[in-house]
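Text of upload_28.csv (CSV, C-alpha atoms) as supplied:
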chain,number,residue,atom,x,y,z
L,1,VAL,CA,139.2,-46.4,86.4
L,2,VAL,CA,139.8,-50.1,86.9
L,3,THR,CA,143.5,-50.1,86.1
L,4,ASN,CA,144.8,-50.5,89.6
L,5,ILE,CA,142.1,-52.0,91.7
L,6,PRO,CA,142.2,-55.7,92.6
L,7,PRO,CA,140.0,-58.3,90.8
L,8,ALA,CA,136.3,-57.8,91.2
L,9,TYR,CA,133.9,-60.7,91.6
L,10,ASP,CA,134.0,-62.7,88.3
L,11,GLY,CA,131.7,-65.6,88.1
L,12,GLU,CA,128.8,-67.2,86.3
L,13,SER,CA,125.8,-65.8,88.2
L,14,LEU,CA,124.6,-62.8,90.1
L,15,ARG,CA,124.7,-62.8,93.9
L,16,SER,CA,122.1,-61.7,96.4
L,17,GLU,CA,124.1,-58.5,97.1
L,18,ASP,CA,123.6,-57.5,93.5
L,19,HIS,CA,119.8,-57.5,93.7
L,20,GLY,CA,119.6,-54.1,95.5
L,21,LEU,CA,121.2,-52.1,92.7
L,22,LEU,CA,119.3,-54.1,90.0
L,23,ALA,CA,115.9,-53.3,91.7
L,24,ARG,CA,116.5,-49.6,91.4
L,25,PRO,CA,115.2,-47.6,88.4
L,26,VAL,CA,118.6,-47.0,87.0
L,27,PRO,CA,119.5,-47.4,83.3
L,28,ALA,CA,121.2,-50.4,81.7
L,29,PHE,CA,123.9,-49.9,79.2
L,30,LEU,CA,123.4,-52.6,76.6
L,31,SER,CA,126.1,-53.5,74.1
L,32,THR,CA,125.7,-55.6,71.0
L,33,VAL,CA,128.0,-56.0,68.0
L,34,ASN,CA,127.3,-54.4,64.6
L,35,PRO,CA,127.9,-56.3,61.3
L,36,SER,CA,131.1,-54.3,60.8
L,37,GLY,CA,132.5,-55.6,64.1
L,38,THR,CA,132.0,-52.3,65.9
L,39,PRO,CA,130.3,-52.5,69.3
L,40,GLN,CA,126.9,-50.9,69.4
L,41,GLN,CA,125.7,-49.2,72.7
L,42,THR,CA,122.3,-48.1,73.9
L,43,VAL,CA,120.8,-46.7,77.1
L,44,MET,CA,117.9,-49.0,78.1
L,45,TRP,CA,115.1,-49.3,80.6
L,46,TYR,CA,115.2,-52.8,81.9
L,47,ARG,CA,113.6,-55.1,84.5
L,48,PHE,CA,115.6,-57.7,86.4
L,49,GLU,CA,113.7,-60.9,86.7
L,50,GLU,CA,114.8,-64.3,88.0
L,51,GLY,CA,118.5,-63.7,87.1
L,52,ASN,CA,117.7,-62.3,83.6
L,53,PHE,CA,117.5,-58.8,82.2
L,54,LEU,CA,114.3,-57.9,80.2
L,55,PHE,CA,114.2,-55.1,77.7
L,56,ILE,CA,111.8,-53.7,75.1
L,57,THR,CA,112.9,-52.9,71.6
L,58,ARG,CA,111.5,-52.2,68.2
L,59,THR,CA,112.4,-54.8,65.6
L,60,ASP,CA,113.6,-52.2,63.2
L,61,ARG,CA,116.4,-51.1,65.5
L,62,ALA,CA,120.1,-51.9,65.1
L,63,LYS,CA,120.3,-53.8,68.4
L,64,TYR,CA,117.5,-56.2,67.2
L,65,ARG,CA,119.1,-56.7,63.8
L,66,ASN,CA,122.4,-57.3,65.6
L,67,PHE,CA,120.8,-59.9,67.9
L,68,LEU,CA,119.5,-61.8,64.8
L,69,ARG,CA,123.0,-62.1,63.5
L,70,ASN,CA,124.9,-62.5,66.8
L,71,PRO,CA,122.8,-62.9,70.0
L,72,ARG,CA,125.8,-62.3,72.3
L,73,ALA,CA,125.4,-59.1,74.4
L,74,SER,CA,126.6,-57.4,77.5
L,75,VAL,CA,124.7,-55.2,79.9
L,76,MET,CA,126.2,-52.8,82.5
L,77,VAL,CA,124.4,-51.2,85.5
L,78,VAL,CA,126.3,-48.5,87.3
L,79,ASP,CA,125.3,-47.1,90.7
L,80,PRO,CA,124.3,-43.4,90.1
L,81,ASP,CA,125.8,-42.6,93.5
L,82,SER,CA,129.3,-44.0,92.7
L,83,ILE,CA,130.9,-44.9,89.4
L,84,TYR,CA,133.0,-47.4,91.3
L,85,ARG,CA,130.0,-49.6,92.0
L,86,TRP,CA,128.8,-51.6,89.0
L,87,ILE,CA,127.5,-54.8,87.6
L,88,ILE,CA,128.4,-56.2,84.2
L,89,ALA,CA,126.6,-59.2,82.8
L,90,ALA,CA,127.5,-60.9,79.5
L,91,GLY,CA,125.2,-63.4,78.0
L,92,THR,CA,122.9,-64.4,75.2
L,93,LEU,CA,119.8,-62.5,74.0
L,94,SER,CA,116.5,-64.2,73.0
L,95,VAL,CA,113.0,-63.0,72.2
L,96,ASP,CA,110.7,-63.2,75.3
L,97,GLU,CA,107.2,-64.2,74.2
L,98,ARG,CA,105.2,-62.0,76.7
L,99,GLU,CA,102.9,-59.3,75.3
L,100,PRO,CA,105.2,-56.3,74.5
L,101,GLU,CA,102.7,-53.4,75.2
L,102,SER,CA,101.9,-54.3,78.7
L,103,PHE,CA,105.5,-55.0,79.5
L,104,TYR,CA,106.5,-51.6,78.0
L,105,ARG,CA,103.8,-49.9,80.2
L,106,SER,CA,105.2,-51.6,83.3
L,107,LEU,CA,108.7,-50.5,82.4
L,108,ALA,CA,107.5,-46.9,82.0
L,109,ALA,CA,105.9,-47.1,85.4
L,110,ARG,CA,109.1,-48.4,86.8
L,111,TYR,CA,111.1,-45.4,85.6
L,112,LEU,CA,108.5,-42.6,85.5
L,113,SER,CA,105.8,-41.2,87.6
L,114,GLY,CA,103.3,-38.3,87.8
L,115,LYS,CA,103.4,-35.8,84.9
L,116,ARG,CA,106.4,-37.5,83.3
L,117,LEU,CA,104.5,-40.8,83.1
L,118,GLU,CA,101.5,-39.1,81.7
L,119,ALA,CA,103.6,-37.3,79.1
L,120,TRP,CA,105.2,-40.7,78.1
L,121,GLN,CA,101.7,-42.2,77.7
L,122,THR,CA,100.8,-39.5,75.2
L,123,VAL,CA,103.9,-40.1,73.0
L,124,ALA,CA,104.4,-43.8,73.4
L,125,ASN,CA,104.3,-45.8,70.2
L,126,PHE,CA,103.6,-49.6,70.4
L,127,ASP,CA,104.4,-50.6,66.8
L,128,LEU,CA,106.9,-53.3,66.1
L,129,LEU,CA,107.7,-53.9,69.7
L,130,THR,CA,109.2,-57.1,71.1
L,131,VAL,CA,110.6,-58.1,74.5
L,132,MET,CA,114.2,-59.2,74.7
L,133,ARG,CA,115.7,-61.4,77.4
L,134,LEU,CA,119.4,-61.5,78.3
L,135,VAL,CA,120.4,-64.6,80.1
L,136,PRO,CA,123.8,-63.9,81.7
L,137,ASP,CA,126.6,-66.5,81.8
L,138,ARG,CA,129.4,-64.2,83.1
L,139,ILE,CA,129.1,-61.6,85.8
L,140,ILE,CA,131.7,-59.1,86.9
L,141,THR,CA,130.9,-56.8,89.7
L,142,ARG,CA,132.6,-54.2,91.8
L,143,TYR,CA,131.3,-52.5,94.9
L,144,LYS,CA,134.0,-50.1,95.9
L,145,SER,CA,137.2,-48.4,94.8
L,146,THR,CA,140.5,-49.0,96.6
L,147,PHE,CA,140.7,-45.3,97.5
L,148,ASP,CA,137.4,-44.9,99.3
R,1,VAL,CA,114.3,-46.0,76.8
R,2,VAL,CA,114.9,-45.0,73.2
R,3,THR,CA,112.2,-47.0,71.6
R,4,ASN,CA,109.8,-44.2,71.0
R,5,ILE,CA,111.8,-41.0,70.8
R,6,PRO,CA,112.6,-39.4,67.5
R,7,PRO,CA,116.1,-39.8,65.9
R,8,ALA,CA,118.9,-38.3,67.9
R,9,TYR,CA,121.7,-36.5,66.2
R,10,ASP,CA,123.6,-39.1,64.1
R,11,GLY,CA,126.7,-37.8,62.4
R,12,GLU,CA,130.4,-38.1,61.9
R,13,SER,CA,131.7,-35.6,64.5
R,14,LEU,CA,131.0,-34.2,67.9
R,15,ARG,CA,129.4,-30.7,68.1
R,16,SER,CA,130.2,-27.8,70.3
R,17,GLU,CA,127.2,-28.5,72.4
R,18,ASP,CA,128.7,-31.9,73.4
R,19,HIS,CA,131.8,-30.3,74.9
R,20,GLY,CA,130.1,-29.3,78.2
R,21,LEU,CA,129.2,-32.9,79.2
R,22,LEU,CA,132.5,-34.3,78.0
R,23,ALA,CA,134.4,-31.8,80.1
R,24,ARG,CA,132.8,-33.0,83.3
R,25,PRO,CA,134.4,-35.8,85.4
R,26,VAL,CA,131.8,-38.3,84.5
R,27,PRO,CA,132.8,-41.9,83.6
R,28,ALA,CA,133.0,-43.3,80.0
R,29,PHE,CA,131.5,-46.7,79.3
R,30,LEU,CA,133.9,-48.3,76.8
R,31,SER,CA,132.9,-51.3,74.8
R,32,THR,CA,135.2,-53.6,72.8
R,33,VAL,CA,134.6,-57.0,71.3
R,34,ASN,CA,136.0,-60.2,72.9
R,35,PRO,CA,137.5,-63.0,70.6
R,36,SER,CA,134.2,-65.0,71.2
R,37,GLY,CA,132.2,-62.2,69.6
R,38,THR,CA,130.7,-61.1,73.0
R,39,PRO,CA,130.9,-57.4,73.7
R,40,GLN,CA,133.2,-56.4,76.6
R,41,GLN,CA,132.3,-53.4,78.7
R,42,THR,CA,134.3,-51.3,81.2
R,43,VAL,CA,133.8,-48.2,83.2
R,44,MET,CA,136.7,-45.8,82.4
R,45,TRP,CA,138.2,-42.5,83.4
R,46,TYR,CA,138.8,-40.5,80.2
R,47,ARG,CA,139.9,-37.2,78.9
R,48,PHE,CA,138.3,-35.6,75.9
R,49,GLU,CA,141.0,-33.9,73.7
R,50,GLU,CA,140.6,-32.4,70.3
R,51,GLY,CA,137.7,-34.6,69.4
R,52,ASN,CA,139.2,-37.8,70.7
R,53,PHE,CA,138.8,-39.8,73.9
R,54,LEU,CA,141.9,-40.7,75.8
R,55,PHE,CA,142.1,-43.6,78.3
R,56,ILE,CA,144.7,-45.4,80.4
R,57,THR,CA,144.9,-49.2,80.5
R,58,ARG,CA,147.2,-52.0,81.5
R,59,THR,CA,148.4,-54.0,78.5
R,60,ASP,CA,147.4,-57.3,80.2
R,61,ARG,CA,143.8,-56.3,80.3
R,62,ALA,CA,141.0,-57.8,78.1
R,63,LYS,CA,140.3,-54.5,76.5
R,64,TYR,CA,143.9,-54.1,75.3
R,65,ARG,CA,144.0,-57.6,73.9
R,66,ASN,CA,140.7,-57.0,72.2
R,67,PHE,CA,142.1,-53.8,70.7
R,68,LEU,CA,145.1,-55.7,69.2
R,69,ARG,CA,142.7,-58.1,67.4
R,70,ASN,CA,139.9,-55.6,66.6
R,71,PRO,CA,140.5,-51.9,67.2
R,72,ARG,CA,136.9,-50.9,66.7
R,73,ALA,CA,135.3,-49.6,69.9
R,74,SER,CA,132.4,-47.5,71.2
R,75,VAL,CA,132.3,-45.1,74.1
R,76,MET,CA,129.2,-43.8,75.9
R,77,VAL,CA,129.0,-40.8,78.3
R,78,VAL,CA,125.7,-40.4,80.1
R,79,ASP,CA,124.8,-37.2,82.0
R,80,PRO,CA,124.6,-38.2,85.7
R,81,ASP,CA,121.6,-35.8,86.1
R,82,SER,CA,119.5,-37.4,83.4
R,83,ILE,CA,119.7,-40.8,81.7
R,84,TYR,CA,118.0,-39.2,78.6
R,85,ARG,CA,121.1,-37.1,77.9
R,86,TRP,CA,124.0,-39.0,76.4
R,87,ILE,CA,126.7,-39.1,73.8
R,88,ILE,CA,127.8,-42.3,72.1
R,89,ALA,CA,131.0,-42.3,69.9
R,90,ALA,CA,132.1,-45.2,67.8
R,91,GLY,CA,135.5,-45.3,66.3
R,92,THR,CA,139.0,-46.8,66.2
R,93,LEU,CA,141.4,-47.3,69.1
R,94,SER,CA,145.1,-46.7,68.8
R,95,VAL,CA,148.0,-46.4,71.2
R,96,ASP,CA,148.9,-42.8,72.1
R,97,GLU,CA,152.6,-42.4,72.6
R,98,ARG,CA,152.5,-39.9,75.5
R,99,GLU,CA,154.0,-40.9,78.8
R,100,PRO,CA,151.4,-43.1,80.7
R,101,GLU,CA,152.3,-42.3,84.3
R,102,SER,CA,151.9,-38.6,84.0
R,103,PHE,CA,148.7,-39.0,82.0
R,104,TYR,CA,147.4,-41.4,84.6
R,105,ARG,CA,148.1,-38.9,87.4
R,106,SER,CA,146.4,-36.1,85.4
R,107,LEU,CA,143.3,-38.4,85.0
R,108,ALA,CA,143.2,-39.1,88.7
R,109,ALA,CA,143.3,-35.4,89.4
R,110,ARG,CA,140.4,-34.9,87.0
R,111,TYR,CA,138.3,-37.4,88.9
R,112,LEU,CA,139.5,-37.2,92.5
R,113,SER,CA,140.4,-34.6,95.0
R,114,GLY,CA,141.5,-34.2,98.6
R,115,LYS,CA,141.7,-37.4,100.7
R,116,ARG,CA,140.5,-39.6,97.8
R,117,LEU,CA,143.2,-38.4,95.5
R,118,GLU,CA,145.8,-38.9,98.3
R,119,ALA,CA,144.4,-42.4,98.9
R,120,TRP,CA,144.6,-43.2,95.1
R,121,GLN,CA,148.3,-42.0,95.1
R,122,THR,CA,149.1,-44.6,97.8
R,123,VAL,CA,147.6,-47.5,95.9
R,124,ALA,CA,148.2,-46.5,92.2
R,125,ASN,CA,150.3,-49.0,90.2
R,126,PHE,CA,152.1,-47.8,87.1
R,127,ASP,CA,153.2,-51.1,85.7
R,128,LEU,CA,152.3,-52.1,82.1
R,129,LEU,CA,150.4,-48.9,81.4
R,130,THR,CA,149.6,-47.5,78.0
R,131,VAL,CA,147.5,-44.6,76.8
R,132,MET,CA,144.8,-45.4,74.3
R,133,ARG,CA,143.1,-43.0,71.9
R,134,LEU,CA,139.7,-43.5,70.4
R,135,VAL,CA,139.2,-41.5,67.2
R,136,PRO,CA,135.4,-41.4,66.6
R,137,ASP,CA,133.8,-41.6,63.2
R,138,ARG,CA,130.2,-41.9,64.2
R,139,ILE,CA,128.5,-39.9,66.9
R,140,ILE,CA,125.0,-40.4,68.2
R,141,THR,CA,123.7,-37.9,70.8
R,142,ARG,CA,120.5,-37.3,72.7
R,143,TYR,CA,119.8,-34.3,75.0
R,144,LYS,CA,116.2,-34.8,76.1
R,145,SER,CA,113.4,-37.2,76.3
R,146,THR,CA,110.1,-36.7,74.6
R,147,PHE,CA,108.3,-36.6,77.9
R,148,ASP,CA,110.2,-33.9,79.8

Would it be possible to restate this file's structure as structure tokens?
Amino acid sequence: VVTNIPPAYDGESLRSEDHGLLARPVPAFLSTVNPSGTPQQTVMWYRFEEGNFLFITRTDRAKYRNFLRNPRASVMVVDPDSIYRWIIAAGTLSVDEREPESFYRSLAARYLSGKRLEAWQTVANFDLLTVMRLVPDRIITRYKSTFD
Amino acid sequence: VVTNIPPAYDGESLRSEDHGLLARPVPAFLSTVNPSGTPQQTVMWYRFEEGNFLFITRTDRAKYRNFLRNPRASVMVVDPDSIYRWIIAAGTLSVDEREPESFYRSLAARYLSGKRLEAWQTVANFDLLTVMRLVPDRIITRYKSTFD
């Protein structure tokens, strides 16, 4: 996809024009690195807050164990209306000390509504949760293709 | 997103029910590992062929340099109609010896049509291209959420 298009924005921080996409309830694709050196990918709910990405995870999950070994991670958000509009943010993960259950509930309310939110509330499990924060230090964005 | 849902399929190979999503012209999210240990992510056109994922890249791109150092990679395909339907395939990258230009043209025809394909043909650059193959050895899939 990107083989022939000119350089996208490549810098240290997100720009104001990125905030619109990041405010939408789209998924984030989070990548960490497994002990074997193989990338590990997951689809995540997230909240963008003051330049950082916030996630919820269980502490018995591969991504959390990977973070303990190597806190470097990358997150990608792709516009559901065009695969040629995306934001990639690489940075360092840390534990955010806020209360996980209320954060998880607020994330669910960001992504779900009505009967789906009600159904989530009946199946949600709040064991072993922690909030993770990704502080980006390199941002690459693209907002159009060369052929549109 | 995945914190509370039961284990997805986790096995060594793709299943026949995965072929429908993989045949659609949706993007693949490819992750490799940078020399620094930070994951590197890109949005890619791909073709699924006999259980493998085929991509095009320039040999001066980060993902190609990463492959030369560490051929382990992971690719994720998410259903554009539901973020709770996805396929993640981790495996090993190699160079595929087929002719890159004709492969690139066939990829463009898989993803574009009409005026967009014509516009791509006027801007496409065929320098330094190579075809990459990802042979998966671990597949994780999910086809529904617990709350739908």

Compile the contact shell of R:Thr130 as a list in words: residues with an atom at most 7 Å away, counting all atoms listed in the file, same-chain residues fewer than 2 positions apart removed.
-> Ile56, Thr57, Arg58, Thr59, Pro100, Leu128 and Met132 of chain R

Output the contact residues of chain R with respect to chain L at a cut-off of 6 Å, based on all atoms listed in the file, as a list in words.
->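 Residues passing the distance filter: Val1, Thr3, Asn4, Thr38, Pro39, Met44, Trp45, Thr57, Arg72, Ala73, Ser74, Arg116, Ala119, Trp120, Ala124, Asn125 and Phe147 of chain R.
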
Grab the atom CA of R:Phe48 to atom CA of R:Ser94 distance for me, in Å with one decimal place.
-> 14.8 Å

Pick the closest to L:Arg133 from L:Leu22, L:Asp96, L:Leu68, L:Arg15: which is it, counting only C-alpha atoms?
->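 Smallest distance to L:Arg133 is found for L:Asp96.
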
Any idea what the distance is between atom CA of R:Leu134 and atom CA of R:Ala109?
-> 21.0 Å

Two-atom distance - atom CA of R:Leu54, atom CA of R:Phe103 (Å) =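 That distance, rounded to one decimal, is 9.4 Å.
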
Looking at all atoms listed in the file, which of L:Asn52, L:Gly11, L:Glu101, L:Pro35 is the one that sits closest to L:Arg69?
->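 That would be L:Pro35, the residue with the smallest distance to L:Arg69.
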
Residue rebuild result stretch 119-134 of chain L, N, CA and C atoms as a PDB file, in the coordinates of the input:
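So the final result, stored in result38.pdb, reads:
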ATOM      1  N   ALA L 119     103.046 -37.834  80.387  1.00  0.00           N
ATOM      2  CA  ALA L 119     103.600 -37.300  79.100  1.00  0.00           C
ATOM      3  C   ALA L 119     104.078 -38.508  78.255  1.00  0.00           C
ATOM      4  N   TRP L 120     104.710 -39.479  78.889  1.00  0.00           N
ATOM      5  CA  TRP L 120     105.200 -40.700  78.100  1.00  0.00           C
ATOM      6  C   TRP L 120     103.955 -41.361  77.483  1.00  0.00           C
ATOM      7  N   GLN L 121     102.858 -41.463  78.225  1.00  0.00           N
ATOM      8  CA  GLN L 121     101.700 -42.200  77.700  1.00  0.00           C
ATOM      9  C   GLN L 121     101.117 -41.478  76.455  1.00  0.00           C
ATOM     10  N   THR L 122     101.306 -40.158  76.371  1.00  0.00           N
ATOM     11  CA  THR L 122     100.800 -39.500  75.200  1.00  0.00           C
ATOM     12  C   THR L 122     101.690 -39.617  73.980  1.00  0.00           C
ATOM     13  N   VAL L 123     102.958 -39.943  74.180  1.00  0.00           N
ATOM     14  CA  VAL L 123     103.900 -40.100  73.000  1.00  0.00           C
ATOM     15  C   VAL L 123     104.280 -41.503  72.738  1.00  0.00           C
ATOM     16  N   ALA L 124     103.968 -42.425  73.622  1.00  0.00           N
ATOM     17  CA  ALA L 124     104.400 -43.800  73.400  1.00  0.00           C
ATOM     18  C   ALA L 124     103.857 -44.412  72.164  1.00  0.00           C
ATOM     19  N   ASN L 125     104.682 -45.185  71.484  1.00  0.00           N
ATOM     20  CA  ASN L 125     104.300 -45.800  70.200  1.00  0.00           C
ATOM     21  C   ASN L 125     104.528 -47.343  70.446  1.00  0.00           C
ATOM     22  N   PHE L 126     103.530 -48.135  70.101  1.00  0.00           N
ATOM     23  CA  PHE L 126     103.600 -49.600  70.400  1.00  0.00           C
ATOM     24  C   PHE L 126     103.783 -50.424  69.156  1.00  0.00           C
ATOM     25  N   ASP L 127     104.180 -49.791  68.058  1.00  0.00           N
ATOM     26  CA  ASP L 127     104.400 -50.600  66.800  1.00  0.00           C
ATOM     27  C   ASP L 127     105.717 -51.334  66.900  1.00  0.00           C
ATOM     28  N   LEU L 128     105.714 -52.512  66.329  1.00  0.00           N
ATOM     29  CA  LEU L 128     106.900 -53.300  66.100  1.00  0.00           C
ATOM     30  C   LEU L 128     107.713 -53.630  67.340  1.00  0.00           C
ATOM     31  N   LEU L 129     107.035 -53.634  68.478  1.00  0.00           N
ATOM     32  CA  LEU L 129     107.700 -53.900  69.700  1.00  0.00           C
ATOM     33  C   LEU L 129     107.950 -55.406  69.948  1.00  0.00           C
ATOM     34  N   THR L 130     109.055 -55.728  70.593  1.00  0.00           N
ATOM     35  CA  THR L 130     109.200 -57.100  71.100  1.00  0.00           C
ATOM     36  C   THR L 130     110.013 -57.002  72.405  1.00  0.00           C
ATOM     37  N   VAL L 131     109.838 -58.016  73.235  1.00  0.00           N
ATOM     38  CA  VAL L 131     110.600 -58.100  74.500  1.00  0.00           C
ATOM     39  C   VAL L 131     111.781 -58.960  74.314  1.00  0.00           C
ATOM     40  N   MET L 132     112.921 -58.472  74.779  1.00  0.00           N
ATOM     41  CA  MET L 132     114.200 -59.200  74.700  1.00  0.00           C
ATOM     42  C   MET L 132     114.607 -59.657  76.071  1.00  0.00           C
ATOM     43  N   ARG L 133     115.188 -60.834  76.141  1.00  0.00           N
ATOM     44  CA  ARG L 133     115.700 -61.400  77.400  1.00  0.00           C
ATOM     45  C   ARG L 133     117.189 -61.626  77.278  1.00  0.00           C
ATOM     46  N   LEU L 134     117.951 -61.128  78.226  1.00  0.00           N
ATOM     47  CA  LEU L 134     119.400 -61.500  78.300  1.00  0.00           C
ATOM     48  C   LEU L 134     119.595 -62.447  79.416  1.00  0.00           C
TER      49      LEU L 134
END
